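Chemist: This is the structure, below, for whatever I ask next.
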Amino acid sequence: MAVQGEEAKRYITAEELRNHNAASDLWISIQGKVYDVTSWVKDHPGGDLPLLSLAGQDATDAFVAYHPASAWAHLGRFFVGHLADYRVSAASSDYRRLVAEFSKSGLFDQKGLVAPLTICSILLLLVAAVSGVLLSEGALVHALCGGMMGFLWIQSGWIGHDSGHYRIVGHPRLNRLAQIVAGNCLAGVSIAWWKRNHNAHHIACNSLDFDPDLQHMPFFAVSSKLFASMKSYFYERKMNFDAVARFLVSYQHWTFYPVMCFARINLFAQSILLLLSAKKVHNRWQEIVGVAVFWIWYPLLVSCLPNWGERVTFVVISFAVTGIQHVQFCLNHFSSSVYVGPPQGNNWFEKQTMGTLDISCSPWMDWFHGGLQFQVAHHLFPRLPRCHLRKVSPFVRELCKKHKLPYNIASFWEANAMTIRTLRAAALRARDFANPVPKNLVWEAVNTHG
């Protein structure tokens, strides 16, 4: 219950704050002040999911991570009081100090040449792929063009990823244009879907029931905890571990790479489902038109190939090549620590470090990884342009060392092996569940229901 301070200030306890944790009554705490953001949920540029995930608790670290200094000026209209028992952990205090230092040095505003160079590479790949299809009659050339199309989609993915976190160009309208062209028009993936999915992932990194990047039933389960058929708070449905899921998960360490070759199909489907849903989508018609453009030009380009054999080859190769990026997305999190439940504001920094894996590589390979190789730094400083991630990574490592937090890093090949081992471990557990003769009824009941 709220109490009155000596200076007529309203003080709100953590217990009272926790009671305001629904979309119809949503409070959060930032830097010791409590804000009623119920009316803001539907208009929040980052979507409703980040606010809903952190409702009723301190959200300072997440707010600092995702908002520039100018955002603080908008909080006043939502202010309702001060948090009576506000405390800051040593790790969070150092983290916020580091954010302030990076901001003061101008790192968040220095974009570098990564985005212009990536856009140029996309245009070159597009021209080369289209020219090869239209001007050459060689089957091998057409197959190579399919590969170039896959690399084009990978680079467009990096542009979509970066532009969703910060402005890759100065003007917001140009940034929006880059998003729609690179994502919707050229790759067939709705940037609105991507931002909704990706923001939920960042806020609830490696939560089995809140992070959509770990919710791939019936094909994959990174933990046997998913065998309890828990609810996905992102998809708003139960993730059933039924007979089909049990069978597929039992062999997931063998099917992982083949499925990744065609994972782009899921992005197409999820984009369309969101755009046709009743959920609020900012600039819905821009999104729909952009996706429609892709479904006009890409099938038309494929139809220009001389026969069905080359058409199927072109599509399969383009999908398989871009599957490399889908594998990269998985490497950073599949083998890392997972948990059940919503993210907690009081250990948000710790959860980000525990749930991510860096990929060690030489600087000349940075183009290949698109910034994902510095996943820990990216999760802690998502607004930081990727050209600075290698520079700040040592600071992150020292911060983790100081507070005895994990800083996980592996080579690309080691990360693949770790991912397969994680999938294999869960697969063996799934096979054990599928055994029609349980080891004993108590063991079966405990492992099936919790």
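Chain labels follow the order of the structure tokens: the first chain is A, the next B, and so on; residue numbering restarts at 1 in every chain, and ligands are counted from 1 in their shown order.
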Please tabulate, as a Markdown table, the residues of stretch 336-398 of chain A that come within 7 Å of stretch 406-415 of chain A, each with its closest pair of atoms and the distance in Å to one decimal, counting only C-alpha atoms and ordering rows by chain, then residue number upward.

Modeler:
```
| residue | atom | partner | partner_atom | distance |
| --- | --- | --- | --- | --- |
| A:Thr353 | CA | A:Pro406 | CA | 6.4 |
| A:Met354 | CA | A:Pro406 | CA | 6.0 |
| A:Leu357 | CA | A:Asn408 | CA | 5.0 |
| A:Asp358 | CA | A:Ile409 | CA | 4.4 |
| A:Ile359 | CA | A:Ala410 | CA | 5.2 |
| A:Ser360 | CA | A:Ser411 | CA | 4.8 |
| A:Cys361 | CA | A:Ser411 | CA | 6.8 |
| A:Arg397 | CA | A:Tyr407 | CA | 6.3 |
```

Chemist: Would you mind listing what lies within 9 Å of stretch 30-42 of chain A as an MDAnalysis selection string, with only C-alpha atoms counted and same-chain residues fewer than 4 positions away left out?

Modeler: chainID A and resid 11:12 17 20 22:26 47:49 51:52 57:61 63:64 75:88 280

Chemist: Identify, with DSSP run on backbone atoms, the residues in stretch 165-223 of chain A assigned to helix (DSSP H, G or I), and express the list as number ranges by chain.

Modeler: A: 165, 172-187, 191-203, 212-214

Chemist: So that I have them on file, write out the residues from the current selection with C-alpha atoms, as an mmCIF file, in the first residue's frame.

Modeler:
```cif
data_model
loop_
_atom_site.group_PDB
_atom_site.id
_atom_site.type_symbol
_atom_site.label_atom_id
_atom_site.label_comp_id
_atom_site.auth_asym_id
_atom_site.auth_seq_id
_atom_site.Cartn_x
_atom_site.Cartn_y
_atom_site.Cartn_z
ATOM 1 C CA HIS A 165 17.658 -1.490 -33.346
ATOM 2 C CA PRO A 172 13.629 8.223 -39.780
ATOM 3 C CA ARG A 173 11.733 8.063 -43.083
ATOM 4 C CA LEU A 174 14.836 6.903 -44.922
ATOM 5 C CA ASN A 175 15.426 4.341 -42.196
ATOM 6 C CA ARG A 176 11.864 3.124 -42.645
ATOM 7 C CA LEU A 177 12.358 2.947 -46.413
ATOM 8 C CA ALA A 178 15.513 0.852 -45.929
ATOM 9 C CA GLN A 179 13.570 -1.515 -43.657
ATOM 10 C CA ILE A 180 10.684 -1.996 -46.080
ATOM 11 C CA VAL A 181 12.856 -2.383 -49.186
ATOM 12 C CA ALA A 182 15.491 -4.676 -47.640
ATOM 13 C CA GLY A 183 13.101 -6.740 -45.548
ATOM 14 C CA ASN A 184 9.629 -6.791 -47.066
ATOM 15 C CA CYS A 185 10.341 -6.135 -50.741
ATOM 16 C CA LEU A 186 13.593 -8.019 -51.288
ATOM 17 C CA ALA A 187 13.338 -10.784 -48.687
ATOM 18 C CA ILE A 191 9.871 -5.844 -40.629
ATOM 19 C CA ALA A 192 6.881 -5.422 -38.282
ATOM 20 C CA TRP A 193 6.929 -9.157 -37.557
ATOM 21 C CA TRP A 194 10.695 -9.105 -37.181
ATOM 22 C CA LYS A 195 10.633 -6.221 -34.664
ATOM 23 C CA ARG A 196 7.810 -7.797 -32.645
ATOM 24 C CA ASN A 197 9.579 -11.155 -32.525
ATOM 25 C CA HIS A 198 13.044 -9.744 -31.949
ATOM 26 C CA ASN A 199 12.052 -7.281 -29.220
ATOM 27 C CA ALA A 200 10.331 -10.095 -27.322
ATOM 28 C CA HIS A 201 13.486 -12.198 -27.683
ATOM 29 C CA HIS A 202 15.774 -9.452 -26.408
ATOM 30 C CA ILE A 203 13.649 -8.611 -23.389
ATOM 31 C CA PRO A 212 9.977 -16.872 -29.272
ATOM 32 C CA ASP A 213 13.473 -17.737 -30.492
ATOM 33 C CA LEU A 214 13.374 -20.885 -28.336
#
```

Chemist: Report the distance between atom CA of A:Val222 and atom CA of A:Glu236 in Å, rounded to one decimal place.

Modeler: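 Atom CA of A:Val222 sits 19.7 Å away from atom CA of A:Glu236.
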
Chemist: Using only C-alpha atoms, tabulate the residues of stretch 122-167 of chain A lying at most 10 Å from any atom of stretch 307-316 of chain A, each with its closest atom pair and that distance in Å to one decimal, by chain and increasing residue number, as a Markdown table.

Modeler:
```
| residue | atom | partner | partner_atom | distance |
| --- | --- | --- | --- | --- |
| A:Val133 | CA | A:Phe314 | CA | 9.7 |
| A:Gly138 | CA | A:Glu310 | CA | 9.9 |
| A:Ala139 | CA | A:Glu310 | CA | 6.7 |
| A:Leu140 | CA | A:Glu310 | CA | 9.2 |
| A:His142 | CA | A:Phe314 | CA | 6.7 |
| A:Ala143 | CA | A:Phe314 | CA | 5.5 |
| A:Leu144 | CA | A:Phe314 | CA | 8.2 |
| A:Cys145 | CA | A:Phe314 | CA | 7.3 |
| A:Gly146 | CA | A:Phe314 | CA | 4.5 |
| A:Gly147 | CA | A:Phe314 | CA | 7.7 |
| A:Met148 | CA | A:Phe314 | CA | 10.0 |
| A:Met149 | CA | A:Phe314 | CA | 8.8 |
| A:Gly150 | CA | A:Val315 | CA | 9.1 |
```

Chemist: Those same residues, written as an mmCIF file, in the first residue's frame with N, CA, C and O atoms?

Modeler:
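Okay, result.cif is ready:
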```cif
data_model
loop_
_atom_site.group_PDB
_atom_site.id
_atom_site.type_symbol
_atom_site.label_atom_id
_atom_site.label_comp_id
_atom_site.auth_asym_id
_atom_site.auth_seq_id
_atom_site.Cartn_x
_atom_site.Cartn_y
_atom_site.Cartn_z
ATOM 1 N N VAL A 133 20.083 -14.841 -64.475
ATOM 2 C CA VAL A 133 18.871 -15.585 -64.852
ATOM 3 C C VAL A 133 18.387 -15.164 -66.234
ATOM 4 O O VAL A 133 18.013 -16.014 -67.068
ATOM 5 N N GLY A 138 23.011 -20.966 -69.158
ATOM 6 C CA GLY A 138 23.702 -22.070 -68.493
ATOM 7 C C GLY A 138 23.043 -22.465 -67.185
ATOM 8 O O GLY A 138 22.729 -21.617 -66.346
ATOM 9 N N ALA A 139 22.851 -23.752 -66.978
ATOM 10 C CA ALA A 139 22.234 -24.248 -65.745
ATOM 11 C C ALA A 139 23.115 -23.966 -64.532
ATOM 12 O O ALA A 139 22.608 -23.657 -63.445
ATOM 13 N N LEU A 140 24.443 -24.077 -64.710
ATOM 14 C CA LEU A 140 25.345 -23.797 -63.605
ATOM 15 C C LEU A 140 25.281 -22.333 -63.194
ATOM 16 O O LEU A 140 25.290 -22.015 -61.996
ATOM 17 N N HIS A 142 22.712 -20.394 -63.520
ATOM 18 C CA HIS A 142 21.436 -20.212 -62.829
ATOM 19 C C HIS A 142 21.508 -20.711 -61.384
ATOM 20 O O HIS A 142 20.931 -20.109 -60.481
ATOM 21 N N ALA A 143 22.226 -21.817 -61.172
ATOM 22 C CA ALA A 143 22.392 -22.322 -59.816
ATOM 23 C C ALA A 143 23.207 -21.344 -58.969
ATOM 24 O O ALA A 143 22.880 -21.094 -57.804
ATOM 25 N N LEU A 144 24.258 -20.774 -59.559
ATOM 26 C CA LEU A 144 25.055 -19.770 -58.854
ATOM 27 C C LEU A 144 24.218 -18.541 -58.514
ATOM 28 O O LEU A 144 24.387 -17.935 -57.446
ATOM 29 N N CYS A 145 23.310 -18.203 -59.402
ATOM 30 C CA CYS A 145 22.413 -17.067 -59.156
ATOM 31 C C CYS A 145 21.504 -17.350 -57.957
ATOM 32 O O CYS A 145 21.178 -16.456 -57.176
ATOM 33 N N GLY A 146 21.095 -18.605 -57.811
ATOM 34 C CA GLY A 146 20.316 -18.985 -56.630
ATOM 35 C C GLY A 146 21.116 -18.775 -55.352
ATOM 36 O O GLY A 146 20.587 -18.300 -54.340
ATOM 37 N N GLY A 147 22.412 -19.127 -55.418
ATOM 38 C CA GLY A 147 23.281 -18.893 -54.274
ATOM 39 C C GLY A 147 23.426 -17.420 -53.962
ATOM 40 O O GLY A 147 23.415 -17.012 -52.786
ATOM 41 N N MET A 148 23.571 -16.598 -55.012
ATOM 42 C CA MET A 148 23.668 -15.156 -54.799
ATOM 43 C C MET A 148 22.390 -14.599 -54.185
ATOM 44 O O MET A 148 22.436 -13.687 -53.350
ATOM 45 N N MET A 149 21.249 -15.153 -54.575
ATOM 46 C CA MET A 149 19.985 -14.719 -53.986
ATOM 47 C C MET A 149 19.959 -15.037 -52.492
ATOM 48 O O MET A 149 19.485 -14.237 -51.682
ATOM 49 N N GLY A 150 20.494 -16.197 -52.122
ATOM 50 C CA GLY A 150 20.570 -16.543 -50.708
ATOM 51 C C GLY A 150 21.448 -15.583 -49.934
ATOM 52 O O GLY A 150 21.091 -15.139 -48.836
#
```

Chemist: Which is closer to A:Phe151 than all the others in A:Leu126, A:Val244, A:Ala65, A:Ala417, using only C-alpha atoms?

Modeler: A:Leu126

Chemist: I'd like to know which of A:Ala426, A:Val114, A:Glu350, A:Ser190 is closest to A:Gln286, using only C-alpha atoms.

Modeler: A:Ser190

Chemist: Write out as an MDAnalysis selection string which residues come within 9 Å of A:Ser335 when counting only C-alpha atoms, dropping same-chain ones fewer than 5 positions away.

Modeler: chainID A and resid 222 330 355:357 415 418:423

Chemist: Would you save the residues of that selection, restricted to C-alpha atoms, as a PDB file, in the first residue's frame?

Modeler:
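So selection-v2.pdb came out as:
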```pdb
ATOM      1  CA  VAL A 222      16.402 -27.108 -26.452  1.00  0.00           C
ATOM      2  CA  CYS A 330      20.475 -20.489 -33.200  1.00  0.00           C
ATOM      3  CA  GLY A 355      21.623 -16.642 -22.154  1.00  0.00           C
ATOM      4  CA  THR A 356      24.031 -15.636 -24.917  1.00  0.00           C
ATOM      5  CA  LEU A 357      27.119 -17.045 -26.619  1.00  0.00           C
ATOM      6  CA  ALA A 415      29.296 -23.363 -31.296  1.00  0.00           C
ATOM      7  CA  MET A 418      27.583 -27.236 -28.656  1.00  0.00           C
ATOM      8  CA  THR A 419      24.227 -26.672 -30.338  1.00  0.00           C
ATOM      9  CA  ILE A 420      24.086 -30.228 -31.659  1.00  0.00           C
ATOM     10  CA  ARG A 421      25.016 -31.603 -28.221  1.00  0.00           C
ATOM     11  CA  THR A 422      22.191 -29.582 -26.646  1.00  0.00           C
ATOM     12  CA  LEU A 423      19.710 -30.858 -29.214  1.00  0.00           C
TER      13      LEU A 423
END
```

Chemist: Give the strand (DSSP E or B) residues of stretch 295-450 of chain A, as assigned by DSSP on the backbone, as an MDAnalysis selection string.

Modeler: chainID A and resid 339 358:360 409:411

Chemist: Next, the residues of the selection above should be written as a PDB file, in the first residue's frame with N, CA, C and O atoms.

Modeler:
```pdb
ATOM      1  N   TYR A 339      15.665 -20.553 -18.803  1.00  0.00           N
ATOM      2  CA  TYR A 339      14.858 -20.484 -17.589  1.00  0.00           C
ATOM      3  C   TYR A 339      13.390 -20.426 -17.968  1.00  0.00           C
ATOM      4  O   TYR A 339      13.038 -20.235 -19.142  1.00  0.00           O
ATOM      5  N   ASP A 358      28.971 -15.755 -27.477  1.00  0.00           N
ATOM      6  CA  ASP A 358      29.744 -15.060 -28.507  1.00  0.00           C
ATOM      7  C   ASP A 358      30.426 -16.062 -29.427  1.00  0.00           C
ATOM      8  O   ASP A 358      30.703 -17.199 -29.026  1.00  0.00           O
ATOM      9  N   ILE A 359      30.706 -15.624 -30.647  1.00  0.00           N
ATOM     10  CA  ILE A 359      31.443 -16.443 -31.614  1.00  0.00           C
ATOM     11  C   ILE A 359      32.781 -15.770 -31.874  1.00  0.00           C
ATOM     12  O   ILE A 359      32.823 -14.626 -32.334  1.00  0.00           O
ATOM     13  N   SER A 360      33.870 -16.454 -31.575  1.00  0.00           N
ATOM     14  CA  SER A 360      35.193 -15.874 -31.808  1.00  0.00           C
ATOM     15  C   SER A 360      35.537 -15.951 -33.288  1.00  0.00           C
ATOM     16  O   SER A 360      35.335 -16.983 -33.934  1.00  0.00           O
ATOM     17  N   ILE A 409      32.009 -17.829 -24.884  1.00  0.00           N
ATOM     18  CA  ILE A 409      32.520 -17.593 -26.232  1.00  0.00           C
ATOM     19  C   ILE A 409      33.072 -18.899 -26.794  1.00  0.00           C
ATOM     20  O   ILE A 409      33.649 -19.718 -26.060  1.00  0.00           O
ATOM     21  N   ALA A 410      32.850 -19.101 -28.085  1.00  0.00           N
ATOM     22  CA  ALA A 410      33.337 -20.315 -28.756  1.00  0.00           C
ATOM     23  C   ALA A 410      33.555 -19.990 -30.225  1.00  0.00           C
ATOM     24  O   ALA A 410      33.009 -19.015 -30.747  1.00  0.00           O
ATOM     25  N   SER A 411      34.338 -20.812 -30.891  1.00  0.00           N
ATOM     26  CA  SER A 411      34.506 -20.636 -32.327  1.00  0.00           C
ATOM     27  C   SER A 411      33.207 -21.032 -33.035  1.00  0.00           C
ATOM     28  O   SER A 411      32.320 -21.647 -32.435  1.00  0.00           O
TER      29      SER A 411
END
```

Chemist: So, counting only C-alpha atoms, which residue among A:Ser337, A:Ala14, A:His282, A:Ala129 is closest to A:His44?

Modeler: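 Nearest candidate to A:His44 out of A:Ser337, A:Ala14, A:His282, A:Ala129: A:His282.
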
Chemist: So that I can see what lies close to A:Thr118, please list as number ranges by chain the residues with an atom at most 8 Å from it, counting only C-alpha atoms and leaving out residues fewer than 4 positions away in the same chain.

Modeler: A: 114, 122, 155, 159

Chemist: Quote the spacing between atom CA of A:Leu300 and atom CA of A:Leu134 in Å to one decimal place.

Modeler: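 According to the coordinates, atom CA of A:Leu300 and atom CA of A:Leu134 are separated by 11.2 Å.
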
Chemist: Can you work out which one of A:Ile317, A:Leu273, A:Cys387, A:Val141 has the shortest atom-to-atom distance to A:Gln373, counting only C-alpha atoms?

Modeler: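 Between A:Ile317, A:Leu273, A:Cys387, A:Val141, the residue approaching A:Gln373 most closely is A:Cys387.
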
Chemist: Which one of A:Phe334, A:Tyr95, A:Phe319, A:Trp295 sits closest to A:Leu399 if you count only C-alpha atoms?

Modeler: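 The answer is A:Tyr95, which sits nearest to A:Leu399.
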
Chemist: Which residues are close to stretch 430-432 of chain A, i.e. within 8 Å by only C-alpha atoms, leaving aside same-chain residues fewer than 6 positions away? Reply as a list in words.

Modeler: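 Selected residues are Ser224, Phe227, Arg246, Phe247, Val249, Ser250 and Pro438 of chain A.
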
Chemist: How would the residues just picked look written out with N, CA, C and O atoms as a PDB file, in the first residue's frame?

Modeler:
```pdb
ATOM      1  N   SER A 224      14.396 -30.266 -21.938  1.00  0.00           N
ATOM      2  CA  SER A 224      13.322 -31.199 -21.622  1.00  0.00           C
ATOM      3  C   SER A 224      12.194 -30.524 -20.849  1.00  0.00           C
ATOM      4  O   SER A 224      11.105 -31.096 -20.713  1.00  0.00           O
ATOM      5  N   PHE A 227       8.938 -30.312 -22.540  1.00  0.00           N
ATOM      6  CA  PHE A 227       8.095 -31.499 -22.659  1.00  0.00           C
ATOM      7  C   PHE A 227       6.836 -31.397 -21.804  1.00  0.00           C
ATOM      8  O   PHE A 227       5.936 -32.234 -21.916  1.00  0.00           O
ATOM      9  N   ARG A 246       7.070 -35.376 -30.143  1.00  0.00           N
ATOM     10  CA  ARG A 246       7.984 -36.325 -29.504  1.00  0.00           C
ATOM     11  C   ARG A 246       8.852 -37.034 -30.548  1.00  0.00           C
ATOM     12  O   ARG A 246      10.057 -37.192 -30.361  1.00  0.00           O
ATOM     13  N   PHE A 247       8.222 -37.437 -31.638  1.00  0.00           N
ATOM     14  CA  PHE A 247       8.962 -38.125 -32.700  1.00  0.00           C
ATOM     15  C   PHE A 247       9.978 -37.184 -33.352  1.00  0.00           C
ATOM     16  O   PHE A 247      11.148 -37.540 -33.525  1.00  0.00           O
ATOM     17  N   VAL A 249      11.286 -34.320 -32.241  1.00  0.00           N
ATOM     18  CA  VAL A 249      12.332 -33.893 -31.309  1.00  0.00           C
ATOM     19  C   VAL A 249      13.337 -35.014 -31.066  1.00  0.00           C
ATOM     20  O   VAL A 249      14.529 -34.761 -30.864  1.00  0.00           O
ATOM     21  N   SER A 250      12.891 -36.246 -31.126  1.00  0.00           N
ATOM     22  CA  SER A 250      13.780 -37.388 -30.899  1.00  0.00           C
ATOM     23  C   SER A 250      14.915 -37.453 -31.909  1.00  0.00           C
ATOM     24  O   SER A 250      15.957 -38.067 -31.652  1.00  0.00           O
ATOM     25  N   PRO A 438       7.694 -47.440 -19.346  1.00  0.00           N
ATOM     26  CA  PRO A 438       8.446 -46.485 -18.529  1.00  0.00           C
ATOM     27  C   PRO A 438       9.300 -47.186 -17.505  1.00  0.00           C
ATOM     28  O   PRO A 438       8.993 -48.285 -17.059  1.00  0.00           O
TER      29      PRO A 438
END
```
